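So this block is run-v3.txt, compact mmCIF, C-alpha atoms:
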```
# COMPACT_ATOMS: atom_id res chain seq x y z
CA MET O 38 -126.60 11.19 -127.47
CA ALA O 39 -128.40 8.89 -129.91
CA ILE O 40 -131.17 6.42 -129.24
CA ASN O 41 -131.61 3.24 -131.21
CA LEU O 42 -135.24 3.43 -132.32
CA ASP O 43 -135.38 -0.33 -132.94
CA MET O 44 -134.74 -0.84 -129.26
CA LEU O 45 -137.41 1.69 -128.37
CA ALA O 46 -139.86 0.02 -130.76
CA GLN O 47 -139.54 -3.28 -128.92
CA ASN O 48 -142.02 -1.86 -126.42
CA ASP O 49 -140.27 -3.92 -123.78
CA PRO O 50 -140.38 -2.39 -120.26
CA ALA O 51 -136.88 -3.67 -119.47
CA ALA O 52 -135.45 -2.14 -122.65
CA LEU O 53 -137.24 1.13 -121.93
CA LYS O 54 -135.87 1.18 -118.40
CA PHE O 55 -132.40 0.53 -119.79
CA ILE O 56 -132.72 3.40 -122.29
CA VAL O 57 -133.99 5.85 -119.70
CA GLY O 58 -131.26 4.81 -117.27
CA THR O 59 -128.60 5.33 -119.93
CA ILE O 60 -129.96 8.79 -120.76
CA PHE O 61 -129.86 9.85 -117.10
CA HIS O 62 -126.39 8.34 -116.73
CA GLU O 63 -125.02 10.33 -119.66
CA CYS O 64 -126.84 13.50 -118.55
CA ARG O 65 -125.17 13.15 -115.18
CA HIS O 66 -121.77 13.08 -116.90
CA ALA O 67 -122.75 16.30 -118.66
CA ILE O 68 -123.60 17.88 -115.30
CA GLN O 69 -120.31 16.67 -113.81
CA HIS O 70 -118.42 18.16 -116.74
CA LYS O 71 -120.24 21.46 -116.52
CA ALA O 72 -119.79 21.64 -112.74
CA ILE O 73 -116.01 21.38 -113.02
CA THR O 74 -115.44 23.51 -116.11
CA THR O 75 -117.98 26.32 -115.97
CA MET O 76 -117.36 29.38 -113.86
CA GLY O 77 -120.38 30.23 -111.76
CA TYR O 78 -122.07 26.87 -112.26
CA LYS O 79 -121.30 25.55 -108.83
CA TYR O 80 -123.26 22.34 -108.80
CA GLY O 81 -122.60 20.01 -105.89
CA SER O 82 -120.28 20.45 -102.95
CA GLU O 83 -116.75 21.75 -103.29
CA GLU O 84 -115.44 18.29 -102.42
CA GLN O 85 -117.60 16.64 -105.07
CA ARG O 86 -116.41 19.06 -107.76
CA PHE O 87 -112.81 18.48 -106.68
CA ILE O 88 -113.18 14.68 -106.89
CA TRP O 89 -114.81 14.90 -110.33
CA GLY O 90 -112.10 17.33 -111.45
CA VAL O 91 -109.33 14.94 -110.42
CA ASN O 92 -111.10 12.00 -112.08
CA PHE O 93 -111.63 13.77 -115.41
CA ALA O 94 -108.27 15.55 -115.55
CA GLY O 95 -104.78 14.36 -116.40
CA GLU O 96 -105.67 10.96 -117.89
CA ASN O 97 -107.10 9.81 -114.57
CA TYR O 98 -110.28 8.51 -116.17
CA ILE O 99 -110.09 4.71 -116.39
CA SER O 100 -111.76 3.18 -119.42
CA PRO O 101 -113.43 -0.23 -119.11
CA GLU O 102 -111.17 -1.36 -121.94
CA THR O 103 -108.26 -1.13 -119.49
CA ASP O 104 -109.71 -2.18 -116.17
CA ASP O 105 -113.35 -3.01 -115.46
CA TYR O 106 -112.94 -2.69 -111.68
CA GLY O 107 -111.20 0.67 -111.95
CA TYR O 108 -113.84 1.89 -114.37
CA TYR O 109 -116.73 0.71 -112.20
CA TYR O 110 -115.51 2.30 -108.97
CA GLN O 111 -114.04 5.59 -110.22
CA ALA O 112 -115.83 8.67 -108.87
CA VAL O 113 -117.60 9.95 -111.99
CA GLU O 114 -118.94 6.53 -113.02
CA PHE O 115 -119.95 5.59 -109.49
CA ASP O 116 -121.86 8.86 -109.18
CA ALA O 117 -123.51 8.64 -112.63
CA ARG O 118 -124.54 5.03 -112.02
CA ASN O 119 -126.05 5.79 -108.62
CA PHE O 120 -127.80 8.87 -109.97
CA ALA O 121 -129.39 6.97 -112.88
CA ASP O 122 -130.23 3.89 -110.80
CA SER O 123 -131.95 5.94 -108.12
CA ILE O 124 -134.20 7.54 -110.74
CA VAL O 125 -134.98 4.37 -112.66
CA GLU O 126 -135.67 2.41 -109.48
CA SER O 127 -138.30 4.94 -108.48
CA PHE O 128 -140.34 4.20 -111.63
CA MET G 330 -90.06 -23.10 -110.54
CA ILE G 331 -90.10 -19.32 -110.42
CA ILE G 332 -91.15 -17.04 -113.27
CA ILE G 333 -89.94 -13.46 -113.12
CA ILE G 334 -91.65 -10.91 -115.35
CA LYS G 335 -89.84 -7.63 -115.73
CA TYR G 336 -91.52 -4.24 -116.07
CA PHE G 337 -89.99 -3.63 -119.50
CA GLN G 338 -91.39 -6.90 -120.82
CA LEU G 339 -94.87 -5.79 -119.78
CA LEU G 340 -94.34 -2.25 -121.06
CA ASN G 341 -93.23 -3.46 -124.47
CA ASP G 342 -95.99 -6.02 -124.82
CA MET G 343 -98.79 -3.68 -123.74
CA LYS G 344 -97.56 -0.83 -125.93
CA ARG G 345 -96.76 -2.89 -129.00
CA ASN G 346 -99.62 -5.36 -128.99
CA TYR G 347 -102.41 -3.52 -127.24
CA ASN G 348 -101.59 0.12 -127.92
CA TYR G 349 -101.54 1.06 -124.22
CA SER G 350 -100.41 4.50 -123.14
CA LEU G 351 -97.75 4.73 -120.44
CA ARG G 352 -100.50 5.67 -118.02
CA GLN G 353 -102.49 2.54 -118.90
CA VAL G 354 -99.35 0.41 -118.60
CA ASN G 355 -98.52 1.71 -115.15
CA HIS G 356 -102.09 1.38 -113.95
CA THR G 357 -102.22 -2.22 -115.19
CA VAL G 358 -98.80 -3.21 -113.87
CA GLY G 359 -99.73 -1.74 -110.48
CA LYS G 360 -102.72 -4.06 -110.38
CA LEU G 361 -100.95 -7.14 -111.78
CA LEU G 362 -98.60 -7.02 -108.80
CA PHE G 363 -101.52 -7.77 -106.50
CA LEU G 364 -103.36 -10.39 -108.50
CA ASP G 365 -104.89 -13.33 -106.70
CA ASN G 366 -102.32 -16.18 -106.68
CA GLU G 367 -104.20 -18.50 -109.03
CA VAL G 368 -104.85 -15.70 -111.52
CA LYS G 369 -101.21 -14.57 -111.21
CA ARG G 370 -99.90 -18.05 -111.99
CA SER G 371 -102.14 -18.30 -115.05
CA PHE G 372 -101.04 -14.84 -116.17
CA ALA G 373 -97.34 -15.63 -115.75
CA GLU G 374 -97.60 -18.87 -117.71
CA TRP G 375 -99.49 -17.10 -120.48
CA LEU G 376 -96.97 -14.27 -120.77
CA ASP G 377 -93.78 -16.20 -120.17
CA LYS G 378 -94.56 -19.52 -121.84
CA GLY G 379 -97.42 -18.67 -124.16
CA LYS G 380 -99.55 -21.23 -122.33
CA GLU G 381 -103.26 -20.87 -123.01
CA PRO G 382 -105.01 -19.98 -119.73
CA LYS G 383 -107.41 -22.66 -118.55
CA ILE G 384 -108.54 -20.66 -115.57
CA LYS G 385 -112.25 -20.47 -114.78
CA VAL G 386 -113.69 -18.24 -112.07
CA ALA G 387 -117.37 -18.05 -111.08
CA ASN G 388 -118.10 -20.23 -114.10
CA ILE G 389 -116.46 -17.75 -116.49
CA THR G 390 -113.41 -18.76 -118.49
CA PHE G 391 -110.56 -16.64 -119.75
CA GLN G 392 -111.51 -17.62 -123.31
CA GLU G 393 -115.09 -16.39 -122.85
CA LEU G 394 -113.82 -13.00 -121.76
CA ILE G 395 -111.50 -12.81 -124.77
CA ILE G 396 -113.92 -14.11 -127.39
CA ASP G 397 -117.41 -13.21 -126.19
CA MET G 398 -116.58 -10.03 -124.30
CA GLU G 399 -113.77 -9.00 -126.66
CA MET G 400 -111.41 -8.21 -123.79
CA ASN G 401 -107.68 -8.04 -124.34
CA PRO G 402 -105.71 -10.53 -122.18
CA TYR G 403 -104.55 -7.96 -119.62
CA ARG G 404 -108.08 -6.72 -119.09
CA ALA G 405 -109.32 -10.31 -118.87
CA PHE G 406 -106.80 -11.23 -116.16
CA LEU G 407 -107.71 -8.13 -114.16
CA PHE G 408 -111.36 -9.02 -114.54
CA LEU G 409 -110.77 -12.61 -113.37
CA ASP G 410 -109.02 -11.18 -110.34
CA TRP G 411 -112.09 -9.05 -109.58
CA LEU G 412 -114.30 -12.09 -110.13
CA LYS G 413 -112.27 -14.01 -107.55
CA LYS G 414 -112.38 -11.23 -104.98
CA ASP G 415 -115.96 -10.01 -105.44
CA PRO G 416 -117.91 -12.24 -107.86
CA LYS G 417 -121.29 -10.68 -107.12
CA THR G 418 -120.31 -7.15 -108.10
CA ALA G 419 -118.05 -8.24 -110.96
CA LEU G 420 -120.84 -10.27 -112.57
CA LYS G 421 -123.27 -7.40 -112.08
CA ALA G 422 -120.81 -5.05 -113.76
CA LEU G 423 -120.27 -7.47 -116.64
CA ALA G 424 -123.99 -7.44 -117.38
CA ARG G 425 -124.19 -3.65 -117.43
CA PRO G 426 -123.44 -1.48 -120.43
CA THR G 427 -120.34 0.67 -120.21
CA ASP G 428 -119.68 4.12 -121.54
CA VAL G 429 -116.33 5.76 -122.04
CA VAL G 430 -115.37 9.37 -121.62
CA ARG G 431 -113.05 9.78 -124.58
CA HIS G 432 -111.60 13.18 -123.86
CA SER G 433 -109.78 13.88 -120.66
CA ILE G 434 -109.70 17.47 -119.50
CA SER G 435 -106.57 19.48 -118.97
CA VAL G 436 -106.24 21.35 -115.70
CA ASP G 437 -106.45 24.63 -117.66
CA GLN G 438 -109.96 23.68 -118.77
CA LEU G 439 -111.19 23.38 -115.19
CA ALA G 440 -112.98 26.22 -113.44
CA PRO G 441 -110.33 28.52 -111.92
CA ASP G 442 -111.28 27.74 -108.32
CA LEU G 443 -110.44 24.06 -108.85
CA ARG G 444 -107.20 24.26 -110.80
CA GLU G 445 -104.61 24.61 -108.07
CA ARG G 446 -106.04 21.92 -105.80
CA VAL G 447 -106.64 19.46 -108.64
CA GLN G 448 -103.11 20.00 -110.00
CA ALA G 449 -101.63 19.32 -106.56
CA GLU G 450 -103.67 16.12 -106.30
CA LEU G 451 -102.62 15.01 -109.79
CA ASP G 452 -98.96 15.57 -108.87
CA ARG G 453 -99.43 13.59 -105.69
CA LYS G 454 -101.12 10.74 -107.57
CA ILE G 455 -98.33 10.57 -110.15
CA GLU G 456 -95.78 10.16 -107.35
CA GLU G 457 -97.94 7.62 -105.57
CA THR G 458 -98.51 5.43 -108.63
CA LYS G 459 -95.01 5.70 -110.07
CA ILE G 460 -93.75 2.30 -111.20
CA SER G 461 -90.04 1.71 -110.94
CA ASP G 462 -88.21 0.35 -114.00
CA GLU G 463 -86.91 -2.34 -111.65
CA THR G 464 -90.42 -3.60 -110.85
CA GLU G 465 -90.89 -7.30 -111.45
CA ILE G 466 -93.62 -9.84 -110.86
CA LYS G 467 -92.37 -13.06 -109.27
CA VAL G 468 -94.53 -16.13 -109.49
CA THR G 469 -93.82 -19.53 -107.98
CA LEU G 470 -95.40 -22.33 -109.99
```
Go ahead and express the file in the form of structure tokens.
Amino acid sequence: MAINLDMLAQNDPAALKFIVGTIFHECRHAIQHKAITTMGYKYGSEEQRFIWGVNFAGENYISPETDDYGYYYQAVEFDARNFADSIVESF
Amino acid sequence: MIIIIKYFQLLNDMKRNYNYSLRQVNHTVGKLLFLDNEVKRSFAEWLDKGKEPKIKVANITFQELIIDMEMNPYRAFLFLDWLKKDPKTALKALARPTDVVRHSISVDQLAPDLRERVQAELDRKIEETKISDETEIKVTL
């Protein structure tokens, strides 16, 4: 993960909120990945891990370059977006 | 007048001109079949006759999606369809940044307790989303 320091230097609350949200969003993807690939790291419910597993495996992940709707509503993006939004909104 | 677009025409165009994988082609074709009628007509005229789409939905034109948002035409038509059906969410999504997971995971890379169930679901999904070679999109102009 890399942060554009010019954006950080703007000292703009909206930009800062955006950066923090993006960091939490990407961290959530890392947790999703770890939860479905790491033995013994049983984060989330069995159903949640199964849904993430199906989404990440076998070319099921939909990139926004193919279909914005499919990208927006797929399980791992929906979850990461809600996770990050819920944190940022509490600021 | 009726325009009929065959699956192979779409497959060839998406693969050759937009570097789509078979999976992307089938996903996209599956959605093109259910486009909103106005979007579908514009799509058919673009593909079959090379007619520049003049369609505008929620104040957003096809050209803006292609030029400003750098979408390819297939993505732009799917997006216009979303804009027609749920403009509020589509516009919200357009304003958000997107990330892309570049590496899909093979079932063997999953934790052992997930593998069997995920594989069964993947097999089921492949069957469910299979596109027949005979698939065609019919549009009445």
### Message
List the spatial neighbours of Tyr336 (chain G) as a VMD selection string - criterion: any atom at most 7 Å away, all atoms listed in the file, same-chain residues fewer than 4 positions off excluded.
### Response
chain G and resid 340 462 to 465
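Here CA of Ile434 (chain G) and CA of Ser100 (chain O) stand 14.4 Å from one another.
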Please, what is the axis-aligned box for every listed atom of region 42-45 of chain O with 5 Å on each side, as centre and edge lengths in Å to one decimal, as JSON?
```
{"center_x": -136.1, "center_y": 1.3, "center_z": -130.7, "size_x": 12.7, "size_y": 14.3, "size_z": 14.6}
```
### Task
Record the distance separating CA of Lys459 (chain G) and CA of Gln353 (chain G), expressed in Å with one decimal.
12.0 Å
### Query
Neighbours of Ala67 (chain O) within 12 Å (all atoms listed in the file; same-chain residues fewer than 4 positions away dropped), as an NGL selection string?
(:O and (38 or 60-63 or 71-75 or 80 or 89 or 93 or 113-114 or 117)) or (:G and (430))
### Task
Return as a ChimeraX atom specification the residues belonging to chain O that are within 8 Å of chain G, counting only C-alpha atoms.
/O:73-76,86-87,90-91,93-98,100-106,109
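Taking CA of Met44 (chain O) and CA of Thr59 (chain O) as endpoints, the distance between them is 12.8 Å.
Closest approach to Ala373 (chain G) among G:Lys385, G:Arg453, G:Lys413, G:Lys335 is made by G:Lys335 (distances from all atoms listed in the file).
Compared by their closest atoms to Leu339 (chain G), and using only C-alpha atoms, the residues G:Asp397, G:Pro382, G:Phe372, G:Asn388 rank with G:Phe372 nearest.
Remark: for Ala121 (chain O), the closest of the candidate residues O:Leu45, O:Ala52, O:Ala39, O:Val57 is O:Val57 (distances computed over only C-alpha atoms).
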### Task
Name all residues at most 12 Å from Trp375 (chain G) (count all atoms listed in the file; drop same-chain ones fewer than 6 positions away) and give them as a ChimeraX atom specification.
/G:332,334,368-369,381-384,391,402-403,406
### Task
Give as an NGL selection string each residue that has an atom at most 10 Å from (-135.1, 0.5, -117.6) in the file, counting all atoms listed in the file.
:O and (49-59 or 121-122 or 124-126 or 128)
Since the input has fewer atoms than a full residue there, write region 58-74 of chain O out with N, CA and C atoms, as a CSV table (one decimal), in the frame of the given file.
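Written output follows (part27.csv):
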```csv
chain,number,residue,atom,x,y,z
O,58,GLY,N,-132.4,4.8,-118.2
O,58,GLY,CA,-131.3,4.8,-117.3
O,58,GLY,C,-130.0,5.3,-117.9
O,59,THR,N,-129.8,4.9,-119.2
O,59,THR,CA,-128.6,5.3,-119.9
O,59,THR,C,-128.6,6.8,-120.2
O,60,ILE,N,-129.8,7.3,-120.5
O,60,ILE,CA,-130.0,8.8,-120.8
O,60,ILE,C,-129.6,9.6,-119.5
O,61,PHE,N,-130.2,9.1,-118.4
O,61,PHE,CA,-129.9,9.8,-117.1
O,61,PHE,C,-128.4,9.7,-116.7
O,62,HIS,N,-127.8,8.6,-117.0
O,62,HIS,CA,-126.4,8.3,-116.7
O,62,HIS,C,-125.5,9.3,-117.5
O,63,GLU,N,-125.8,9.4,-118.8
O,63,GLU,CA,-125.0,10.3,-119.7
O,63,GLU,C,-125.3,11.8,-119.3
O,64,CYS,N,-126.5,12.1,-119.0
O,64,CYS,CA,-126.8,13.5,-118.6
O,64,CYS,C,-126.1,13.9,-117.3
O,65,ARG,N,-125.9,12.9,-116.4
O,65,ARG,CA,-125.2,13.2,-115.2
O,65,ARG,C,-123.7,13.5,-115.5
O,66,HIS,N,-123.1,12.8,-116.5
O,66,HIS,CA,-121.8,13.1,-116.9
O,66,HIS,C,-121.7,14.5,-117.4
O,67,ALA,N,-122.7,14.9,-118.1
O,67,ALA,CA,-122.8,16.3,-118.7
O,67,ALA,C,-122.8,17.3,-117.5
O,68,ILE,N,-123.5,17.0,-116.5
O,68,ILE,CA,-123.6,17.9,-115.3
O,68,ILE,C,-122.2,17.9,-114.6
O,69,GLN,N,-121.6,16.7,-114.5
O,69,GLN,CA,-120.3,16.7,-113.8
O,69,GLN,C,-119.3,17.6,-114.6
O,70,HIS,N,-119.4,17.4,-115.9
O,70,HIS,CA,-118.4,18.2,-116.7
O,70,HIS,C,-118.7,19.7,-116.6
O,71,LYS,N,-119.9,20.0,-116.6
O,71,LYS,CA,-120.2,21.5,-116.5
O,71,LYS,C,-119.8,22.0,-115.1
O,72,ALA,N,-120.1,21.2,-114.1
O,72,ALA,CA,-119.8,21.6,-112.7
O,72,ALA,C,-118.3,21.9,-112.5
O,73,ILE,N,-117.5,21.2,-113.3
O,73,ILE,CA,-116.0,21.4,-113.0
O,73,ILE,C,-115.4,22.3,-114.0
O,74,THR,N,-116.1,22.7,-115.1
O,74,THR,CA,-115.4,23.5,-116.1
O,74,THR,C,-116.1,24.9,-116.2
```
